[in-house]
Amino acid sequence: MMSGMDPQQIADDMNVLAGFLGRRDVPELTQDALEARYGWRQVDVMALFGGSILAGGDVLAAAMRAGVARRYVIVGGAGHTTQTFRERVRGLCPDLDFADDACEADVFAAYLRMRHGLDADLLERQSTNCGNNITYLCDLLVQHGVPCRSLILSQDATMQLRMQAICRHDWPEVEPVSFATYTTWVVGERCVADDDRGGADTGVEVSCGQATPTDPFEALAFDPEPLGMWTPRRYLTLLMGEIPRLTDDEHGYGPCGKDFLAHVDIPDEVVAAFDRLRAAFPDCVRVANPRFASR
């Protein structure tokens, strides 16, 4: 598949989207970082959302050891990324004990216990999308009498900004602190050295003594590569799916559209990067799956 874009340009545009979407309000999850930004050393609740890759479990464990919250919750039923997540975790942690149909919260809870010897205070197992992640979390805290005026939201980097916008819309009395579960750079190689691997049988094109993959995603890598990271193509799909949702027009999720989240300003450079990627990869703009709509 040839996109017409140089791999480095693809990487650069993906990083623009990722830098916009993968919000972190503090440089690290420590009491000192919270105090420097907000004036308090602990939030009421930290929630890890199950849409994240497995690296989110390590972020939660480090936060628990740092004592950044009074209560810790893992949120996640079964949504559009769940089966991919289960399969990835099986490959990375074959000894991890969870059911074939386990919800995301239970998979993360099993990982947290096995890898770190820690347990979250509460698990939310019913939510299926970013919107009801927040509403079900709120309901769970009310049911257990847990006060919440400040909340660390830790979600997959592709969905972090949307999660915060949903929280501001649905739960305005709460101060949300965003901390995406990973940060990474996509790196693209313009070409790879020709070491007799080029030619028609290997799916690469040879030019000026260099071999370039015909599939642009084969020329992309992550630096660093977080645990359980998406494939480059899947990551692109998740990144690109967010921009139409966050665009505050009649088609988006903002107040001018479906009114699922607070207004978000999208910088011109983000729009430009999205437009270039959409022109090159129109099939990578993920649409919402009605199977996982709020009920």
# chains A, B, ... in the order shown; residues from 1 in each chain; ligands from 1

call {"tool": "residues_around", "arguments": {"residues": "Pro244 of chain A", "least_positions_apart": "2", "cutoff": "10 Å", "atoms": "only C-alpha atoms", "output": "list in words"}}
result
Met240, Gly241, Glu242, Leu246, Thr247, Asp248, Asp249, His251, Gly252, Tyr253, Val271, Phe274, Val285, Arg286 and Val287 of chain A

call {"tool": "closest_atom_pairs", "arguments": {"of": "segment 66-99 of chain A", "to": "segment 112-133 of chain A", "cutoff": "9 Å", "atoms": "only C-alpha atoms", "output": "tab-separated table"}}
result
residue	atom	partner	partner_atom	distance
A:Arg71	CA	A:Asp121	CA	6.2
A:Tyr72	CA	A:Ala120	CA	5.2
A:Val73	CA	A:Leu122	CA	4.8
A:Ile74	CA	A:Leu123	CA	5.0
A:Val75	CA	A:Glu124	CA	4.6
A:Gly76	CA	A:Arg125	CA	5.3
A:Gly77	CA	A:Arg125	CA	4.3
A:Ala78	CA	A:Thr128	CA	5.3
A:Gly79	CA	A:Thr128	CA	4.5
A:His80	CA	A:Thr128	CA	7.8
A:Leu96	CA	A:Met114	CA	7.2
A:Asp97	CA	A:Met114	CA	8.9

call {"tool": "write_last_selection", "arguments": {"atoms": "all heavy atoms", "output": "short mmCIF file (atom, residue, chain, number, x, y, z; two decimals), in the first residue's frame"}}
result
data_model
loop_
_atom_site.label_atom_id
_atom_site.label_comp_id
_atom_site.auth_asym_id
_atom_site.auth_seq_id
_atom_site.Cartn_x
_atom_site.Cartn_y
_atom_site.Cartn_z
N ARG A 71 -8.24 7.19 46.95
CA ARG A 71 -8.84 5.95 46.44
C ARG A 71 -8.41 5.74 45.00
O ARG A 71 -8.21 6.70 44.25
CB ARG A 71 -10.37 6.02 46.49
CG ARG A 71 -10.97 6.14 47.90
CD ARG A 71 -10.84 4.85 48.68
NE ARG A 71 -11.54 4.91 49.96
CZ ARG A 71 -12.79 4.48 50.16
NH1 ARG A 71 -13.46 3.95 49.13
NH2 ARG A 71 -13.36 4.58 51.33
N TYR A 72 -8.32 4.45 44.62
CA TYR A 72 -7.90 4.09 43.26
C TYR A 72 -8.96 3.17 42.64
O TYR A 72 -9.39 2.19 43.27
CB TYR A 72 -6.54 3.39 43.29
CG TYR A 72 -5.46 4.26 43.89
CD1 TYR A 72 -5.19 4.22 45.25
CD2 TYR A 72 -4.73 5.15 43.09
CE1 TYR A 72 -4.22 5.03 45.82
CE2 TYR A 72 -3.76 5.96 43.65
CZ TYR A 72 -3.51 5.91 45.02
OH TYR A 72 -2.56 6.72 45.57
N VAL A 73 -9.34 3.50 41.42
CA VAL A 73 -10.41 2.77 40.73
C VAL A 73 -9.93 2.39 39.34
O VAL A 73 -9.26 3.19 38.66
CB VAL A 73 -11.69 3.62 40.61
CG1 VAL A 73 -12.83 2.81 39.99
CG2 VAL A 73 -12.10 4.19 41.97
N ILE A 74 -10.27 1.17 38.91
CA ILE A 74 -10.05 0.77 37.52
C ILE A 74 -11.42 0.70 36.86
O ILE A 74 -12.34 0.05 37.37
CB ILE A 74 -9.34 -0.58 37.40
CG1 ILE A 74 -8.01 -0.56 38.16
CG2 ILE A 74 -9.10 -0.92 35.94
CD1 ILE A 74 -7.30 -1.90 38.20
N VAL A 75 -11.55 1.38 35.74
CA VAL A 75 -12.83 1.53 35.05
C VAL A 75 -12.77 0.84 33.70
O VAL A 75 -11.85 1.09 32.92
CB VAL A 75 -13.18 3.02 34.85
CG1 VAL A 75 -14.50 3.17 34.11
CG2 VAL A 75 -13.22 3.75 36.19
N GLY A 76 -13.73 -0.04 33.41
CA GLY A 76 -13.77 -0.61 32.07
C GLY A 76 -14.55 -1.89 31.95
O GLY A 76 -14.22 -2.89 32.60
N GLY A 77 -15.59 -1.85 31.13
CA GLY A 77 -16.32 -3.07 30.79
C GLY A 77 -15.71 -3.67 29.54
O GLY A 77 -14.53 -3.98 29.49
N ALA A 78 -16.53 -3.82 28.51
CA ALA A 78 -16.07 -4.36 27.23
C ALA A 78 -16.50 -3.40 26.13
O ALA A 78 -17.69 -3.19 25.91
CB ALA A 78 -16.65 -5.74 26.98
N GLY A 79 -15.51 -2.82 25.45
CA GLY A 79 -15.78 -1.87 24.37
C GLY A 79 -15.09 -2.27 23.09
O GLY A 79 -14.69 -3.44 22.91
N HIS A 80 -14.88 -1.30 22.20
CA HIS A 80 -14.41 -1.62 20.85
C HIS A 80 -12.96 -2.08 20.83
O HIS A 80 -12.54 -2.74 19.88
CB HIS A 80 -14.60 -0.41 19.92
CG HIS A 80 -13.71 0.74 20.23
ND1 HIS A 80 -12.48 0.90 19.63
CD2 HIS A 80 -13.85 1.78 21.08
CE1 HIS A 80 -11.91 2.00 20.10
NE2 HIS A 80 -12.72 2.55 20.98
N LEU A 96 -0.86 -14.73 33.03
CA LEU A 96 -1.86 -13.91 33.71
C LEU A 96 -3.20 -14.61 33.68
O LEU A 96 -3.65 -15.09 32.64
CB LEU A 96 -1.96 -12.55 33.03
CG LEU A 96 -2.65 -11.43 33.81
CD1 LEU A 96 -1.88 -11.13 35.09
CD2 LEU A 96 -2.73 -10.17 32.96
N ASP A 97 -3.87 -14.68 34.82
CA ASP A 97 -5.11 -15.44 34.97
C ASP A 97 -6.32 -14.52 34.84
O ASP A 97 -6.60 -13.74 35.75
CB ASP A 97 -5.12 -16.15 36.33
CG ASP A 97 -6.34 -17.04 36.52
OD1 ASP A 97 -6.95 -17.43 35.50
OD2 ASP A 97 -6.69 -17.32 37.68
#

call {"tool": "residues_around", "arguments": {"residues": "Thr84 of chain A", "least_positions_apart": "4", "cutoff": "10 Å", "atoms": "only C-alpha atoms", "output": "ChimeraX atom specification"}}
result
/A:53,80,88-90,230

call {"tool": "select_by_dssp", "arguments": {"residues": "segment 54-277 of chain A", "states": "strand (DSSP E or B)", "output": "PyMOL selection string"}}
result
chain A and resi 69-75+122-124+150-154+175-179+185-188+192-193+199+204-207+210-213+220-223

call {"tool": "closest_residue", "arguments": {"among": "A:Ile243, A:Val59, A:Val187, A:Leu238", "to": "Ile10 of chain A", "atoms": "only C-alpha atoms"}}
result
A:Val187

call {"tool": "residues_around", "arguments": {"residues": "Leu161 of chain A", "least_positions_apart": "3", "cutoff": "8 Å", "atoms": "only C-alpha atoms", "output": "NGL selection string"}}
result
:A and (20-23 or 157-158 or 164-165 or 178)

call {"tool": "closest_residue", "arguments": {"among": "A:Ile152, A:Ala99, A:Ala11, A:Ala280", "to": "Val186 of chain A", "atoms": "only C-alpha atoms"}}
result
A:Ala11

call {"tool": "residues_around", "arguments": {"residues": "Ala66 of chain A", "least_positions_apart": "6", "cutoff": "10 Å", "atoms": "only C-alpha atoms", "output": "list of chain:residue names"}}
result
A:Leu29, A:Thr30, A:Gln31, A:Asp32, A:Gln42, A:Leu60

call {"tool": "closest_residue", "arguments": {"among": "A:Gly57, A:Gly39, A:Gly50, A:Pro147", "to": "Ala102 of chain A", "atoms": "only C-alpha atoms"}}
result
A:Gly50

call {"tool": "atom_distance", "arguments": {"atom1": "atom CA of Val146 of chain A", "atom2": "atom CA of Glu35 of chain A"}}
result
22.0 Å

call {"tool": "closest_residue", "arguments": {"among": "A:Asp13, A:Tyr182, A:Asp95, A:Val45", "to": "Leu141 of chain A", "atoms": "only C-alpha atoms"}}
result
A:Val45

call {"tool": "closest_residue", "arguments": {"among": "A:Ala273, A:Ala219, A:Met46, A:Cys284", "to": "Gln8 of chain A", "atoms": "only C-alpha atoms"}}
result
A:Ala219

call {"tool": "residues_around", "arguments": {"residues": "Ala55 of chain A", "least_positions_apart": "6", "cutoff": "12 Å", "atoms": "only C-alpha atoms", "output": "list in words"}}
result
Leu48, Phe49, Ala61, Ala62, Phe85, Arg88, Val89, Leu92, Phe108, Tyr111, Leu112, Arg115, Ser154, Gln155, Asp156, Ala157, Ala180, Thr181, Tyr182, Thr183, Thr184, Pro224, Glu225, Pro226, Leu227, Gly228, Met229 and Trp230 of chain A

call {"tool": "write_last_selection", "arguments": {"atoms": "N, CA, C and O atoms", "output": "compact mmCIF listing (two decimals), in the first residue's frame"}}
result
# COMPACT_ATOMS: atom_id res chain seq x y z
N LEU A 48 -7.99 4.69 36.52
CA LEU A 48 -7.37 4.17 35.30
C LEU A 48 -8.48 3.62 34.42
O LEU A 48 -9.27 2.78 34.86
N PHE A 49 -8.54 4.08 33.19
CA PHE A 49 -9.59 3.67 32.27
C PHE A 49 -9.08 2.57 31.35
O PHE A 49 -8.00 2.65 30.78
N ALA A 61 0.23 1.61 39.19
CA ALA A 61 1.03 1.09 40.29
C ALA A 61 1.99 2.14 40.84
O ALA A 61 2.12 2.31 42.06
N ALA A 62 2.66 2.86 39.95
CA ALA A 62 3.59 3.90 40.39
C ALA A 62 2.85 5.00 41.15
O ALA A 62 3.35 5.53 42.15
N PHE A 85 -7.25 -5.83 23.15
CA PHE A 85 -6.51 -5.69 24.41
C PHE A 85 -6.29 -7.06 25.06
O PHE A 85 -5.17 -7.38 25.47
N ARG A 88 -3.65 -8.99 23.17
CA ARG A 88 -2.31 -8.43 23.38
C ARG A 88 -1.77 -8.82 24.75
O ARG A 88 -0.60 -9.17 24.90
N VAL A 89 -2.63 -8.75 25.77
CA VAL A 89 -2.19 -9.10 27.12
C VAL A 89 -1.84 -10.58 27.19
O VAL A 89 -0.85 -10.97 27.83
N LEU A 92 1.62 -10.95 25.86
CA LEU A 92 2.66 -10.37 26.71
C LEU A 92 2.79 -11.07 28.05
O LEU A 92 3.88 -11.16 28.60
N PHE A 108 -6.91 -5.56 33.94
CA PHE A 108 -5.94 -4.68 34.58
C PHE A 108 -5.75 -5.04 36.05
O PHE A 108 -4.63 -4.97 36.57
N TYR A 111 -3.42 -7.94 36.22
CA TYR A 111 -2.05 -7.51 35.93
C TYR A 111 -1.46 -6.76 37.11
O TYR A 111 -0.30 -7.00 37.50
N LEU A 112 -2.22 -5.86 37.70
CA LEU A 112 -1.75 -5.07 38.83
C LEU A 112 -1.36 -5.98 40.00
O LEU A 112 -0.34 -5.77 40.65
N ARG A 115 1.83 -8.37 38.68
CA ARG A 115 3.07 -7.66 38.39
C ARG A 115 3.55 -6.82 39.57
O ARG A 115 4.75 -6.68 39.80
N SER A 154 -6.67 8.79 34.00
CA SER A 154 -5.53 8.19 33.30
C SER A 154 -6.06 7.23 32.25
O SER A 154 -6.60 6.17 32.57
N GLN A 155 -5.92 7.64 31.00
CA GLN A 155 -6.52 6.93 29.88
C GLN A 155 -5.48 6.73 28.79
O GLN A 155 -4.41 7.36 28.82
N ASP A 156 -5.77 5.88 27.83
CA ASP A 156 -4.91 5.76 26.67
C ASP A 156 -4.66 7.15 26.08
O ASP A 156 -5.57 7.98 26.00
N ALA A 157 -3.42 7.39 25.66
CA ALA A 157 -3.05 8.72 25.20
C ALA A 157 -3.93 9.22 24.07
O ALA A 157 -4.18 10.42 23.95
N ALA A 180 -2.10 11.05 30.74
CA ALA A 180 -2.16 9.97 29.75
C ALA A 180 -1.23 8.84 30.17
O ALA A 180 -0.17 9.06 30.74
N THR A 181 -1.62 7.61 29.86
CA THR A 181 -0.88 6.45 30.37
C THR A 181 0.45 6.22 29.68
O THR A 181 1.23 5.38 30.13
N TYR A 182 0.72 6.94 28.61
CA TYR A 182 2.04 6.83 27.97
C TYR A 182 2.29 8.04 27.11
O TYR A 182 1.36 8.75 26.70
N THR A 183 3.55 8.30 26.86
CA THR A 183 3.98 9.26 25.84
C THR A 183 5.04 8.56 24.99
O THR A 183 5.91 7.86 25.52
N THR A 184 4.95 8.73 23.71
CA THR A 184 5.91 8.11 22.81
C THR A 184 5.99 8.93 21.53
O THR A 184 5.06 9.68 21.21
N PRO A 224 10.03 5.89 23.07
CA PRO A 224 10.17 4.46 23.36
C PRO A 224 8.88 3.73 22.99
O PRO A 224 7.86 4.37 22.69
N GLU A 225 8.92 2.40 23.04
CA GLU A 225 7.72 1.62 22.77
C GLU A 225 7.09 1.18 24.08
O GLU A 225 7.64 0.32 24.78
N PRO A 226 5.94 1.75 24.46
CA PRO A 226 5.31 1.38 25.73
C PRO A 226 4.85 -0.08 25.71
O PRO A 226 4.60 -0.66 24.65
N LEU A 227 4.70 -0.65 26.90
CA LEU A 227 4.27 -2.03 27.03
C LEU A 227 2.87 -2.22 26.45
O LEU A 227 1.93 -1.53 26.83
N GLY A 228 2.77 -3.14 25.49
CA GLY A 228 1.47 -3.43 24.88
C GLY A 228 1.04 -2.44 23.84
O GLY A 228 -0.15 -2.39 23.49
N MET A 229 1.98 -1.68 23.29
CA MET A 229 1.63 -0.60 22.36
C MET A 229 0.90 -1.13 21.13
O MET A 229 1.15 -2.23 20.65
N TRP A 230 -0.02 -0.30 20.64
CA TRP A 230 -0.75 -0.60 19.41
C TRP A 230 0.23 -0.74 18.24
O TRP A 230 1.32 -0.20 18.28

call {"tool": "atom_distance", "arguments": {"atom1": "atom CA of Arg37 of chain A", "atom2": "atom CA of Pro255 of chain A"}}
result
28.5 Å

call {"tool": "decode", "arguments": {"residues": "segment 240-263 of chain A", "atoms": "N, CA and C atoms", "output": "PDB file, in the first residue's frame"}}
result
ATOM      1  N   MET A 240      -6.680   9.377  14.616  1.00  0.00           N
ATOM      2  CA  MET A 240      -7.504  10.082  13.636  1.00  0.00           C
ATOM      3  C   MET A 240      -8.982  10.067  14.019  1.00  0.00           C
ATOM      4  N   GLY A 241      -9.415   9.023  14.709  1.00  0.00           N
ATOM      5  CA  GLY A 241     -10.813   8.958  15.113  1.00  0.00           C
ATOM      6  C   GLY A 241     -11.214  10.024  16.110  1.00  0.00           C
ATOM      7  N   GLU A 242     -10.227  10.570  16.817  1.00  0.00           N
ATOM      8  CA  GLU A 242     -10.544  11.555  17.849  1.00  0.00           C
ATOM      9  C   GLU A 242     -10.874  12.938  17.290  1.00  0.00           C
ATOM     10  N   ILE A 243     -10.233  13.327  16.201  1.00  0.00           N
ATOM     11  CA  ILE A 243     -10.385  14.713  15.735  1.00  0.00           C
ATOM     12  C   ILE A 243     -11.827  15.015  15.305  1.00  0.00           C
ATOM     13  N   PRO A 244     -12.500  14.170  14.512  1.00  0.00           N
ATOM     14  CA  PRO A 244     -13.904  14.471  14.207  1.00  0.00           C
ATOM     15  C   PRO A 244     -14.790  14.493  15.452  1.00  0.00           C
ATOM     16  N   ARG A 245     -14.494  13.659  16.435  1.00  0.00           N
ATOM     17  CA  ARG A 245     -15.291  13.646  17.660  1.00  0.00           C
ATOM     18  C   ARG A 245     -15.115  14.939  18.456  1.00  0.00           C
ATOM     19  N   LEU A 246     -13.889  15.443  18.506  1.00  0.00           N
ATOM     20  CA  LEU A 246     -13.606  16.642  19.282  1.00  0.00           C
ATOM     21  C   LEU A 246     -13.965  17.927  18.558  1.00  0.00           C
ATOM     22  N   THR A 247     -14.102  17.876  17.227  1.00  0.00           N
ATOM     23  CA  THR A 247     -14.462  19.070  16.457  1.00  0.00           C
ATOM     24  C   THR A 247     -15.870  19.511  16.835  1.00  0.00           C
ATOM     25  N   ASP A 248     -15.991  20.747  17.279  1.00  0.00           N
ATOM     26  CA  ASP A 248     -17.284  21.223  17.796  1.00  0.00           C
ATOM     27  C   ASP A 248     -18.145  21.760  16.656  1.00  0.00           C
ATOM     28  N   ASP A 249     -18.682  20.831  15.864  1.00  0.00           N
ATOM     29  CA  ASP A 249     -19.631  21.172  14.811  1.00  0.00           C
ATOM     30  C   ASP A 249     -20.791  20.193  14.897  1.00  0.00           C
ATOM     31  N   GLU A 250     -21.666  20.235  13.919  1.00  0.00           N
ATOM     32  CA  GLU A 250     -22.873  19.403  13.980  1.00  0.00           C
ATOM     33  C   GLU A 250     -22.569  17.909  13.921  1.00  0.00           C
ATOM     34  N   HIS A 251     -21.388  17.551  13.481  1.00  0.00           N
ATOM     35  CA  HIS A 251     -21.031  16.142  13.384  1.00  0.00           C
ATOM     36  C   HIS A 251     -20.238  15.630  14.594  1.00  0.00           C
ATOM     37  N   GLY A 252     -19.756  16.543  15.428  1.00  0.00           N
ATOM     38  CA  GLY A 252     -18.886  16.158  16.533  1.00  0.00           C
ATOM     39  C   GLY A 252     -19.629  15.896  17.820  1.00  0.00           C
ATOM     40  N   TYR A 253     -18.853  15.699  18.877  1.00  0.00           N
ATOM     41  CA  TYR A 253     -19.418  15.361  20.184  1.00  0.00           C
ATOM     42  C   TYR A 253     -19.538  16.574  21.105  1.00  0.00           C
ATOM     43  N   GLY A 254     -19.149  17.756  20.633  1.00  0.00           N
ATOM     44  CA  GLY A 254     -19.187  18.962  21.458  1.00  0.00           C
ATOM     45  C   GLY A 254     -20.570  19.568  21.563  1.00  0.00           C
ATOM     46  N   PRO A 255     -20.677  20.749  22.197  1.00  0.00           N
ATOM     47  CA  PRO A 255     -21.981  21.398  22.395  1.00  0.00           C
ATOM     48  C   PRO A 255     -22.734  21.689  21.109  1.00  0.00           C
ATOM     49  N   CYS A 256     -22.037  21.909  19.988  1.00  0.00           N
ATOM     50  CA  CYS A 256     -22.714  22.183  18.718  1.00  0.00           C
ATOM     51  C   CYS A 256     -23.152  20.909  18.004  1.00  0.00           C
ATOM     52  N   GLY A 257     -22.792  19.765  18.533  1.00  0.00           N
ATOM     53  CA  GLY A 257     -23.149  18.484  17.924  1.00  0.00           C
ATOM     54  C   GLY A 257     -23.957  17.640  18.885  1.00  0.00           C
ATOM     55  N   LYS A 258     -23.397  16.507  19.287  1.00  0.00           N
ATOM     56  CA  LYS A 258     -24.121  15.583  20.168  1.00  0.00           C
ATOM     57  C   LYS A 258     -24.114  16.007  21.630  1.00  0.00           C
ATOM     58  N   ASP A 259     -23.315  17.010  21.966  1.00  0.00           N
ATOM     59  CA  ASP A 259     -23.255  17.562  23.319  1.00  0.00           C
ATOM     60  C   ASP A 259     -22.872  16.500  24.349  1.00  0.00           C
ATOM     61  N   PHE A 260     -21.876  15.702  24.010  1.00  0.00           N
ATOM     62  CA  PHE A 260     -21.356  14.696  24.936  1.00  0.00           C
ATOM     63  C   PHE A 260     -20.195  15.235  25.768  1.00  0.00           C
ATOM     64  N   LEU A 261     -19.562  16.318  25.300  1.00  0.00           N
ATOM     65  CA  LEU A 261     -18.361  16.799  25.985  1.00  0.00           C
ATOM     66  C   LEU A 261     -18.259  18.311  25.893  1.00  0.00           C
ATOM     67  N   ALA A 262     -17.413  18.879  26.743  1.00  0.00           N
ATOM     68  CA  ALA A 262     -17.191  20.323  26.733  1.00  0.00           C
ATOM     69  C   ALA A 262     -16.478  20.741  25.446  1.00  0.00           C
ATOM     70  N   HIS A 263     -16.607  22.009  25.101  1.00  0.00           N
ATOM     71  CA  HIS A 263     -15.961  22.527  23.898  1.00  0.00           C
ATOM     72  C   HIS A 263     -14.451  22.355  23.968  1.00  0.00           C
TER      73      HIS A 263
END
